[in-house]
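Okay, upload09.pdb is below, PDB, N, CA and C atoms:
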```
ATOM      1  N   MET A   1       3.105  -7.449   1.452  1.00  0.00           N
ATOM      2  CA  MET A   1       3.949  -6.365   1.910  1.00  0.00           C
ATOM      3  C   MET A   1       5.419  -6.737   1.763  1.00  0.00           C
ATOM      4  N   THR A   2       5.773  -7.951   2.134  1.00  0.00           N
ATOM      5  CA  THR A   2       7.164  -8.379   2.047  1.00  0.00           C
ATOM      6  C   THR A   2       7.644  -8.378   0.607  1.00  0.00           C
ATOM      7  N   THR A   3       6.819  -8.865  -0.307  1.00  0.00           N
ATOM      8  CA  THR A   3       7.211  -8.911  -1.714  1.00  0.00           C
ATOM      9  C   THR A   3       7.488  -7.509  -2.244  1.00  0.00           C
ATOM     10  N   ASN A   4       6.635  -6.547  -1.904  1.00  0.00           N
ATOM     11  CA  ASN A   4       6.844  -5.178  -2.363  1.00  0.00           C
ATOM     12  C   ASN A   4       8.134  -4.603  -1.796  1.00  0.00           C
ATOM     13  N   LEU A   5       8.429  -4.901  -0.532  1.00  0.00           N
ATOM     14  CA  LEU A   5       9.652  -4.411   0.092  1.00  0.00           C
ATOM     15  C   LEU A   5      10.873  -5.007  -0.597  1.00  0.00           C
ATOM     16  N   ILE A   6      10.826  -6.300  -0.865  1.00  0.00           N
ATOM     17  CA  ILE A   6      11.949  -6.963  -1.527  1.00  0.00           C
ATOM     18  C   ILE A   6      12.141  -6.416  -2.940  1.00  0.00           C
ATOM     19  N   GLU A   7      11.052  -6.201  -3.661  1.00  0.00           N
ATOM     20  CA  GLU A   7      11.154  -5.638  -5.007  1.00  0.00           C
ATOM     21  C   GLU A   7      11.740  -4.231  -4.959  1.00  0.00           C
ATOM     22  N   PHE A   8      11.352  -3.452  -3.941  1.00  0.00           N
ATOM     23  CA  PHE A   8      11.890  -2.102  -3.804  1.00  0.00           C
ATOM     24  C   PHE A   8      13.392  -2.154  -3.537  1.00  0.00           C
ATOM     25  N   ILE A   9      13.807  -3.011  -2.623  1.00  0.00           N
ATOM     26  CA  ILE A   9      15.234  -3.118  -2.304  1.00  0.00           C
ATOM     27  C   ILE A   9      16.013  -3.609  -3.521  1.00  0.00           C
ATOM     28  N   ASN A  10      15.468  -4.564  -4.248  1.00  0.00           N
ATOM     29  CA  ASN A  10      16.132  -5.041  -5.470  1.00  0.00           C
ATOM     30  C   ASN A  10      16.286  -3.923  -6.493  1.00  0.00           C
ATOM     31  N   SER A  11      15.253  -3.077  -6.623  1.00  0.00           N
ATOM     32  CA  SER A  11      15.352  -1.978  -7.582  1.00  0.00           C
ATOM     33  C   SER A  11      16.391  -0.951  -7.142  1.00  0.00           C
ATOM     34  N   VAL A  12      16.526  -0.756  -5.833  1.00  0.00           N
ATOM     35  CA  VAL A  12      17.519   0.188  -5.322  1.00  0.00           C
ATOM     36  C   VAL A  12      18.933  -0.349  -5.568  1.00  0.00           C
ATOM     37  N   LEU A  13      19.117  -1.642  -5.351  1.00  0.00           N
ATOM     38  CA  LEU A  13      20.455  -2.224  -5.461  1.00  0.00           C
ATOM     39  C   LEU A  13      20.822  -2.682  -6.868  1.00  0.00           C
ATOM     40  N   LYS A  14      19.907  -2.513  -7.819  1.00  0.00           N
ATOM     41  CA  LYS A  14      20.163  -2.963  -9.186  1.00  0.00           C
ATOM     42  C   LYS A  14      21.384  -2.234  -9.755  1.00  0.00           C
ATOM     43  N   GLY A  15      22.322  -2.993 -10.277  1.00  0.00           N
ATOM     44  CA  GLY A  15      23.508  -2.402 -10.898  1.00  0.00           C
ATOM     45  C   GLY A  15      24.625  -2.081  -9.932  1.00  0.00           C
ATOM     46  N   THR A  16      24.503  -2.454  -8.657  1.00  0.00           N
ATOM     47  CA  THR A  16      25.537  -2.127  -7.678  1.00  0.00           C
ATOM     48  C   THR A  16      26.284  -3.365  -7.182  1.00  0.00           C
ATOM     49  N   HIS A  17      26.164  -4.479  -7.873  1.00  0.00           N
ATOM     50  CA  HIS A  17      26.714  -5.746  -7.388  1.00  0.00           C
ATOM     51  C   HIS A  17      28.234  -5.737  -7.208  1.00  0.00           C
ATOM     52  N   TYR A  18      28.968  -5.072  -8.076  1.00  0.00           N
ATOM     53  CA  TYR A  18      30.433  -5.150  -8.032  1.00  0.00           C
ATOM     54  C   TYR A  18      31.073  -3.864  -7.516  1.00  0.00           C
ATOM     55  N   LEU A  19      30.294  -3.016  -6.878  1.00  0.00           N
ATOM     56  CA  LEU A  19      30.815  -1.757  -6.359  1.00  0.00           C
ATOM     57  C   LEU A  19      31.292  -1.931  -4.917  1.00  0.00           C
ATOM     58  N   PRO A  20      32.174  -1.047  -4.453  1.00  0.00           N
ATOM     59  CA  PRO A  20      32.578  -1.088  -3.048  1.00  0.00           C
ATOM     60  C   PRO A  20      31.383  -0.801  -2.128  1.00  0.00           C
ATOM     61  N   ILE A  21      31.452  -1.272  -0.883  1.00  0.00           N
ATOM     62  CA  ILE A  21      30.351  -1.142   0.072  1.00  0.00           C
ATOM     63  C   ILE A  21      29.934   0.312   0.260  1.00  0.00           C
ATOM     64  N   ILE A  22      30.879   1.221   0.410  1.00  0.00           N
ATOM     65  CA  ILE A  22      30.536   2.635   0.654  1.00  0.00           C
ATOM     66  C   ILE A  22      29.765   3.211  -0.525  1.00  0.00           C
ATOM     67  N   THR A  23      30.112   2.807  -1.731  1.00  0.00           N
ATOM     68  CA  THR A  23      29.400   3.271  -2.917  1.00  0.00           C
ATOM     69  C   THR A  23      27.978   2.714  -2.936  1.00  0.00           C
ATOM     70  N   ILE A  24      27.814   1.461  -2.525  1.00  0.00           N
ATOM     71  CA  ILE A  24      26.484   0.858  -2.461  1.00  0.00           C
ATOM     72  C   ILE A  24      25.622   1.598  -1.442  1.00  0.00           C
ATOM     73  N   VAL A  25      26.197   1.935  -0.287  1.00  0.00           N
ATOM     74  CA  VAL A  25      25.454   2.662   0.742  1.00  0.00           C
ATOM     75  C   VAL A  25      25.052   4.046   0.232  1.00  0.00           C
ATOM     76  N   LYS A  26      25.977   4.750  -0.386  1.00  0.00           N
ATOM     77  CA  LYS A  26      25.681   6.085  -0.921  1.00  0.00           C
ATOM     78  C   LYS A  26      24.603   6.019  -2.006  1.00  0.00           C
ATOM     79  N   GLU A  27      24.720   5.037  -2.894  1.00  0.00           N
ATOM     80  CA  GLU A  27      23.741   4.885  -3.978  1.00  0.00           C
ATOM     81  C   GLU A  27      22.366   4.526  -3.411  1.00  0.00           C
ATOM     82  N   THR A  28      22.343   3.676  -2.385  1.00  0.00           N
ATOM     83  CA  THR A  28      21.087   3.319  -1.733  1.00  0.00           C
ATOM     84  C   THR A  28      20.433   4.553  -1.120  1.00  0.00           C
ATOM     85  N   CYS A  29      21.210   5.359  -0.409  1.00  0.00           N
ATOM     86  CA  CYS A  29      20.670   6.592   0.195  1.00  0.00           C
ATOM     87  C   CYS A  29      20.133   7.533  -0.878  1.00  0.00           C
ATOM     88  N   ARG A  30      20.869   7.674  -1.975  1.00  0.00           N
ATOM     89  CA  ARG A  30      20.442   8.571  -3.048  1.00  0.00           C
ATOM     90  C   ARG A  30      19.122   8.103  -3.665  1.00  0.00           C
ATOM     91  N   LYS A  31      19.019   6.808  -3.966  1.00  0.00           N
ATOM     92  CA  LYS A  31      17.807   6.284  -4.600  1.00  0.00           C
ATOM     93  C   LYS A  31      16.609   6.322  -3.654  1.00  0.00           C
ATOM     94  N   VAL A  32      16.839   6.036  -2.378  1.00  0.00           N
ATOM     95  CA  VAL A  32      15.748   6.103  -1.399  1.00  0.00           C
ATOM     96  C   VAL A  32      15.268   7.546  -1.250  1.00  0.00           C
ATOM     97  N   ALA A  33      16.190   8.497  -1.235  1.00  0.00           N
ATOM     98  CA  ALA A  33      15.812   9.914  -1.147  1.00  0.00           C
ATOM     99  C   ALA A  33      14.977  10.325  -2.355  1.00  0.00           C
ATOM    100  N   ILE A  34      15.359   9.876  -3.543  1.00  0.00           N
ATOM    101  CA  ILE A  34      14.592  10.179  -4.756  1.00  0.00           C
ATOM    102  C   ILE A  34      13.203   9.561  -4.657  1.00  0.00           C
ATOM    103  N   PHE A  35      13.143   8.304  -4.209  1.00  0.00           N
ATOM    104  CA  PHE A  35      11.853   7.619  -4.081  1.00  0.00           C
ATOM    105  C   PHE A  35      10.927   8.357  -3.119  1.00  0.00           C
ATOM    106  N   PHE A  36      11.435   8.718  -1.938  1.00  0.00           N
ATOM    107  CA  PHE A  36      10.587   9.381  -0.958  1.00  0.00           C
ATOM    108  C   PHE A  36      10.179  10.784  -1.404  1.00  0.00           C
ATOM    109  N   THR A  37      11.050  11.472  -2.131  1.00  0.00           N
ATOM    110  CA  THR A  37      10.689  12.782  -2.669  1.00  0.00           C
ATOM    111  C   THR A  37       9.545  12.646  -3.671  1.00  0.00           C
ATOM    112  N   LYS A  38       9.642  11.651  -4.543  1.00  0.00           N
ATOM    113  CA  LYS A  38       8.583  11.410  -5.525  1.00  0.00           C
ATOM    114  C   LYS A  38       7.270  11.062  -4.830  1.00  0.00           C
ATOM    115  N   ARG A  39       7.317  10.159  -3.840  1.00  0.00           N
ATOM    116  CA  ARG A  39       6.104   9.755  -3.124  1.00  0.00           C
ATOM    117  C   ARG A  39       5.499  10.924  -2.343  1.00  0.00           C
ATOM    118  N   ARG A  40       6.354  11.806  -1.778  1.00  0.00           N
ATOM    119  CA  ARG A  40       5.855  12.969  -1.050  1.00  0.00           C
ATOM    120  C   ARG A  40       5.103  13.897  -1.987  1.00  0.00           C
ATOM    121  N   MET A  41       5.640  14.094  -3.187  1.00  0.00           N
ATOM    122  CA  MET A  41       4.980  14.958  -4.158  1.00  0.00           C
ATOM    123  C   MET A  41       3.644  14.354  -4.601  1.00  0.00           C
ATOM    124  N   GLU A  42       3.621  13.028  -4.812  1.00  0.00           N
ATOM    125  CA  GLU A  42       2.375  12.360  -5.186  1.00  0.00           C
ATOM    126  C   GLU A  42       1.341  12.467  -4.067  1.00  0.00           C
ATOM    127  N   ALA A  43       1.771  12.271  -2.833  1.00  0.00           N
ATOM    128  CA  ALA A  43       0.860  12.360  -1.692  1.00  0.00           C
ATOM    129  C   ALA A  43       0.329  13.781  -1.538  1.00  0.00           C
ATOM    130  N   HIS A  44       1.196  14.762  -1.717  1.00  0.00           N
ATOM    131  CA  HIS A  44       0.753  16.158  -1.616  1.00  0.00           C
ATOM    132  C   HIS A  44      -0.277  16.476  -2.695  1.00  0.00           C
ATOM    133  N   ALA A  45      -0.055  15.982  -3.905  1.00  0.00           N
ATOM    134  CA  ALA A  45      -1.011  16.211  -4.997  1.00  0.00           C
ATOM    135  C   ALA A  45      -2.356  15.553  -4.687  1.00  0.00           C
ATOM    136  N   MET A  46      -2.314  14.350  -4.109  1.00  0.00           N
ATOM    137  CA  MET A  46      -3.561  13.663  -3.743  1.00  0.00           C
ATOM    138  C   MET A  46      -4.315  14.438  -2.664  1.00  0.00           C
ATOM    139  N   ILE A  47      -3.603  14.910  -1.668  1.00  0.00           N
ATOM    140  CA  ILE A  47      -4.239  15.634  -0.561  1.00  0.00           C
ATOM    141  C   ILE A  47      -4.842  16.944  -1.044  1.00  0.00           C
ATOM    142  N   THR A  48      -4.108  17.685  -1.868  1.00  0.00           N
ATOM    143  CA  THR A  48      -4.621  18.971  -2.340  1.00  0.00           C
ATOM    144  C   THR A  48      -5.805  18.819  -3.289  1.00  0.00           C
ATOM    145  N   SER A  49      -5.880  17.657  -3.976  1.00  0.00           N
ATOM    146  CA  SER A  49      -7.015  17.437  -4.870  1.00  0.00           C
ATOM    147  C   SER A  49      -8.229  16.890  -4.123  1.00  0.00           C
ATOM    148  N   GLY A  50      -8.070  16.633  -2.830  1.00  0.00           N
ATOM    149  CA  GLY A  50      -9.189  16.130  -2.035  1.00  0.00           C
ATOM    150  C   GLY A  50      -9.308  14.629  -2.026  1.00  0.00           C
ATOM    151  N   GLN A  51      -8.372  13.941  -2.644  1.00  0.00           N
ATOM    152  CA  GLN A  51      -8.403  12.477  -2.691  1.00  0.00           C
ATOM    153  C   GLN A  51      -7.946  11.937  -1.339  1.00  0.00           C
ATOM    154  N   GLU A  52      -8.780  11.072  -0.728  1.00  0.00           N
ATOM    155  CA  GLU A  52      -8.460  10.560   0.597  1.00  0.00           C
ATOM    156  C   GLU A  52      -7.542   9.352   0.562  1.00  0.00           C
ATOM    157  N   PHE A  53      -7.676   8.514  -0.466  1.00  0.00           N
ATOM    158  CA  PHE A  53      -6.924   7.267  -0.523  1.00  0.00           C
ATOM    159  C   PHE A  53      -6.167   7.168  -1.835  1.00  0.00           C
ATOM    160  N   GLU A  54      -5.108   6.370  -1.816  1.00  0.00           N
ATOM    161  CA  GLU A  54      -4.377   6.070  -3.037  1.00  0.00           C
ATOM    162  C   GLU A  54      -5.293   5.263  -3.954  1.00  0.00           C
ATOM    163  N   GLU A  55      -5.036   5.289  -5.237  1.00  0.00           N
ATOM    164  CA  GLU A  55      -5.917   4.656  -6.222  1.00  0.00           C
ATOM    165  C   GLU A  55      -6.135   3.168  -5.941  1.00  0.00           C
ATOM    166  N   LEU A  56      -5.077   2.451  -5.604  1.00  0.00           N
ATOM    167  CA  LEU A  56      -5.198   1.019  -5.323  1.00  0.00           C
ATOM    168  C   LEU A  56      -6.117   0.767  -4.124  1.00  0.00           C
ATOM    169  N   VAL A  57      -5.963   1.557  -3.069  1.00  0.00           N
ATOM    170  CA  VAL A  57      -6.814   1.419  -1.878  1.00  0.00           C
ATOM    171  C   VAL A  57      -8.253   1.775  -2.218  1.00  0.00           C
ATOM    172  N   TYR A  58      -8.440   2.834  -2.985  1.00  0.00           N
ATOM    173  CA  TYR A  58      -9.786   3.253  -3.380  1.00  0.00           C
ATOM    174  C   TYR A  58     -10.492   2.153  -4.173  1.00  0.00           C
ATOM    175  N   LYS A  59      -9.787   1.530  -5.110  1.00  0.00           N
ATOM    176  CA  LYS A  59     -10.383   0.449  -5.904  1.00  0.00           C
ATOM    177  C   LYS A  59     -10.760  -0.732  -5.018  1.00  0.00           C
ATOM    178  N   SER A  60      -9.892  -1.069  -4.081  1.00  0.00           N
ATOM    179  CA  SER A  60     -10.164  -2.184  -3.178  1.00  0.00           C
ATOM    180  C   SER A  60     -11.385  -1.887  -2.301  1.00  0.00           C
ATOM    181  N   LEU A  61     -11.459  -0.687  -1.757  1.00  0.00           N
ATOM    182  CA  LEU A  61     -12.608  -0.306  -0.930  1.00  0.00           C
ATOM    183  C   LEU A  61     -13.901  -0.312  -1.739  1.00  0.00           C
ATOM    184  N   THR A  62     -13.848   0.188  -2.954  1.00  0.00           N
ATOM    185  CA  THR A  62     -15.030   0.203  -3.812  1.00  0.00           C
ATOM    186  C   THR A  62     -15.501  -1.218  -4.098  1.00  0.00           C
ATOM    187  N   ASN A  63     -14.566  -2.103  -4.372  1.00  0.00           N
ATOM    188  CA  ASN A  63     -14.898  -3.499  -4.636  1.00  0.00           C
ATOM    189  C   ASN A  63     -15.567  -4.143  -3.416  1.00  0.00           C
ATOM    190  N   VAL A  64     -15.037  -3.914  -2.241  1.00  0.00           N
ATOM    191  CA  VAL A  64     -15.602  -4.479  -1.016  1.00  0.00           C
ATOM    192  C   VAL A  64     -16.989  -3.903  -0.747  1.00  0.00           C
ATOM    193  N   MET A  65     -17.168  -2.610  -0.978  1.00  0.00           N
ATOM    194  CA  MET A  65     -18.480  -1.992  -0.746  1.00  0.00           C
ATOM    195  C   MET A  65     -19.520  -2.541  -1.714  1.00  0.00           C
ATOM    196  N   GLU A  66     -19.128  -2.790  -2.956  1.00  0.00           N
ATOM    197  CA  GLU A  66     -20.059  -3.369  -3.926  1.00  0.00           C
ATOM    198  C   GLU A  66     -20.481  -4.773  -3.501  1.00  0.00           C
ATOM    199  N   LYS A  67     -19.532  -5.566  -3.013  1.00  0.00           N
ATOM    200  CA  LYS A  67     -19.853  -6.911  -2.550  1.00  0.00           C
ATOM    201  C   LYS A  67     -20.749  -6.877  -1.307  1.00  0.00           C
ATOM    202  N   SER A  68     -20.579  -5.876  -0.472  1.00  0.00           N
ATOM    203  CA  SER A  68     -21.321  -5.820   0.785  1.00  0.00           C
ATOM    204  C   SER A  68     -22.811  -5.535   0.574  1.00  0.00           C
ATOM    205  N   THR A  69     -23.182  -5.033  -0.578  1.00  0.00           N
ATOM    206  CA  THR A  69     -24.600  -4.741  -0.811  1.00  0.00           C
ATOM    207  C   THR A  69     -25.428  -6.013  -0.937  1.00  0.00           C
ATOM    208  N   THR A  70     -24.779  -7.146  -1.189  1.00  0.00           N
ATOM    209  CA  THR A  70     -25.501  -8.411  -1.332  1.00  0.00           C
ATOM    210  C   THR A  70     -25.524  -9.223  -0.033  1.00  0.00           C
ATOM    211  N   HIS A  71     -24.913  -8.705   1.019  1.00  0.00           N
ATOM    212  CA  HIS A  71     -24.862  -9.424   2.288  1.00  0.00           C
ATOM    213  C   HIS A  71     -26.138  -9.183   3.089  1.00  0.00           C
ATOM    214  N   HIS A  72     -26.492 -10.185   3.875  1.00  0.00           N
ATOM    215  CA  HIS A  72     -27.653 -10.067   4.755  1.00  0.00           C
ATOM    216  C   HIS A  72     -27.199 -10.374   6.179  1.00  0.00           C
ATOM    217  N   VAL A  73     -27.566  -9.515   7.106  1.00  0.00           N
ATOM    218  CA  VAL A  73     -27.145  -9.674   8.490  1.00  0.00           C
ATOM    219  C   VAL A  73     -28.368  -9.841   9.366  1.00  0.00           C
ATOM    220  N   ASP A  74     -28.346 -10.861  10.212  1.00  0.00           N
ATOM    221  CA  ASP A  74     -29.394 -11.068  11.207  1.00  0.00           C
ATOM    222  C   ASP A  74     -28.825 -10.746  12.579  1.00  0.00           C
ATOM    223  N   SER A  75     -29.607 -10.077  13.382  1.00  0.00           N
ATOM    224  CA  SER A  75     -29.184  -9.791  14.750  1.00  0.00           C
ATOM    225  C   SER A  75     -29.210 -11.071  15.560  1.00  0.00           C
ATOM    226  N   TYR A  76     -28.307 -11.180  16.489  1.00  0.00           N
ATOM    227  CA  TYR A  76     -28.263 -12.362  17.341  1.00  0.00           C
ATOM    228  C   TYR A  76     -28.440 -11.925  18.785  1.00  0.00           C
ATOM    229  N   ASN A  77     -29.388 -12.532  19.429  1.00  0.00           N
ATOM    230  CA  ASN A  77     -29.612 -12.285  20.857  1.00  0.00           C
ATOM    231  C   ASN A  77     -29.879 -13.640  21.476  1.00  0.00           C
ATOM    232  N   PRO A  78     -28.992 -14.123  22.348  1.00  0.00           N
ATOM    233  CA  PRO A  78     -29.159 -15.458  22.906  1.00  0.00           C
ATOM    234  C   PRO A  78     -30.392 -15.613  23.796  1.00  0.00           C
ATOM    235  N   LYS A  79     -30.973 -14.510  24.252  1.00  0.00           N
ATOM    236  CA  LYS A  79     -32.147 -14.570  25.119  1.00  0.00           C
ATOM    237  C   LYS A  79     -33.433 -14.804  24.310  1.00  0.00           C
ATOM    238  N   ILE A  80     -33.383 -14.516  23.015  1.00  0.00           N
ATOM    239  CA  ILE A  80     -34.550 -14.714  22.174  1.00  0.00           C
ATOM    240  C   ILE A  80     -34.434 -16.060  21.494  1.00  0.00           C
ATOM    241  N   LYS A  81     -35.451 -16.895  21.631  1.00  0.00           N
ATOM    242  CA  LYS A  81     -35.443 -18.218  21.004  1.00  0.00           C
ATOM    243  C   LYS A  81     -36.098 -18.098  19.630  1.00  0.00           C
ATOM    244  N   LEU A  82     -35.373 -18.547  18.652  1.00  0.00           N
ATOM    245  CA  LEU A  82     -35.894 -18.514  17.276  1.00  0.00           C
ATOM    246  C   LEU A  82     -36.437 -19.896  16.935  1.00  0.00           C
ATOM    247  N   SER A  83     -37.584 -19.935  16.319  1.00  0.00           N
ATOM    248  CA  SER A  83     -38.110 -21.222  15.881  1.00  0.00           C
ATOM    249  C   SER A  83     -37.745 -21.430  14.422  1.00  0.00           C
ATOM    250  N   LEU A  84     -37.175 -22.554  14.146  1.00  0.00           N
ATOM    251  CA  LEU A  84     -36.746 -22.845  12.778  1.00  0.00           C
ATOM    252  C   LEU A  84     -37.644 -23.853  12.138  1.00  0.00           C
TER     253      LEU A  84
END
```
Would you mind writing the file out in structure tokens?
Amino acid sequence: MTTNLIEFINSVLKGTHYLPIITIVKETCRKVAIFFTKRRMEAHAMITSGQEFEELVYKSLTNVMEKSTTHHVDSYNPKIKLSL
């Protein structure tokens, strides 16, 4: 999460190194507004199409569910003595 946040901030501040502070703040606000507008449109498209999760989350969940089919679970009850 931290790496993604840092990469996002770096992309927002790219090209603003030698500008006055007020210009950097204005440019940051403008780029963040563009980013959130784009993400809102993507989220709205996902919701209207019936998609519950973002593609990355969906792939991760699918991978975990596939792995879980090979797991075996035994119930544990301390009152029952198992003979080994």
| said: What's the separation between CA of Phe8 (chain A) and CA of Ala33 (chain A), in Å to one decimal place? | reply: 12.9 Å
| In Å to one decimal, how far is CA of Met41 (chain A) from atom C of Gly15 (chain A)? | 26.6 Å
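Taking atom N of Ile6 (chain A) and atom C of Val57 (chain A) as endpoints, the distance between them is 20.8 Å.
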| said: DSSP on the backbone: which residues in chain A end up as alpha helix (DSSP H)? Give the answer as a PyMOL selection string. | reply: chain A and resi 2-13+21-48+55-68
Expected axis-aligned box over every listed atom of region 40-43 of chain A, 4 Å added per side, centre plus edges in Å to one decimal, as AutoDock Vina command-line options:
```
--center_x 3.3 --center_y 13.4 --center_z -3.1 --size_x 14.0 --size_y 11.2 --size_z 12.1
```
| said: Env of region 26-32 of chain A: 12 Å cut, atoms = only C-alpha atoms, seq-sep filter 3 positions within chain, self excluded. Answer as a VMD selection string. | reply: chain A and resid 8 to 17 19 to 23 35 to 39
| said: Residues within 12 Å of Glu54 (chain A), please, as a list of chain:residue names. Count only C-alpha atoms; anything in the same chain fewer than 6 positions from it doesn't count. | reply: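 That gives A:Arg39, A:Glu42, A:Ala43, A:His44, A:Ala45, A:Met46, A:Ile47, A:Ser60, A:Leu61.
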Kindly export the residues of the current selection with N, CA and C atoms, as an mmCIF file, keeping the file's coordinate frame.
```cif
data_model
loop_
_atom_site.group_PDB
_atom_site.id
_atom_site.type_symbol
_atom_site.label_atom_id
_atom_site.label_comp_id
_atom_site.auth_asym_id
_atom_site.auth_seq_id
_atom_site.Cartn_x
_atom_site.Cartn_y
_atom_site.Cartn_z
ATOM 1 N N ARG A 39 7.317 10.159 -3.840
ATOM 2 C CA ARG A 39 6.104 9.755 -3.124
ATOM 3 C C ARG A 39 5.499 10.924 -2.343
ATOM 4 N N GLU A 42 3.621 13.028 -4.812
ATOM 5 C CA GLU A 42 2.375 12.360 -5.186
ATOM 6 C C GLU A 42 1.341 12.467 -4.067
ATOM 7 N N ALA A 43 1.771 12.271 -2.833
ATOM 8 C CA ALA A 43 0.860 12.360 -1.692
ATOM 9 C C ALA A 43 0.329 13.781 -1.538
ATOM 10 N N HIS A 44 1.196 14.762 -1.717
ATOM 11 C CA HIS A 44 0.753 16.158 -1.616
ATOM 12 C C HIS A 44 -0.277 16.476 -2.695
ATOM 13 N N ALA A 45 -0.055 15.982 -3.905
ATOM 14 C CA ALA A 45 -1.011 16.211 -4.997
ATOM 15 C C ALA A 45 -2.356 15.553 -4.687
ATOM 16 N N MET A 46 -2.314 14.350 -4.109
ATOM 17 C CA MET A 46 -3.561 13.663 -3.743
ATOM 18 C C MET A 46 -4.315 14.438 -2.664
ATOM 19 N N ILE A 47 -3.603 14.910 -1.668
ATOM 20 C CA ILE A 47 -4.239 15.634 -0.561
ATOM 21 C C ILE A 47 -4.842 16.944 -1.044
ATOM 22 N N SER A 60 -9.892 -1.069 -4.081
ATOM 23 C CA SER A 60 -10.164 -2.184 -3.178
ATOM 24 C C SER A 60 -11.385 -1.887 -2.301
ATOM 25 N N LEU A 61 -11.459 -0.687 -1.757
ATOM 26 C CA LEU A 61 -12.608 -0.306 -0.930
ATOM 27 C C LEU A 61 -13.901 -0.312 -1.739
#
```
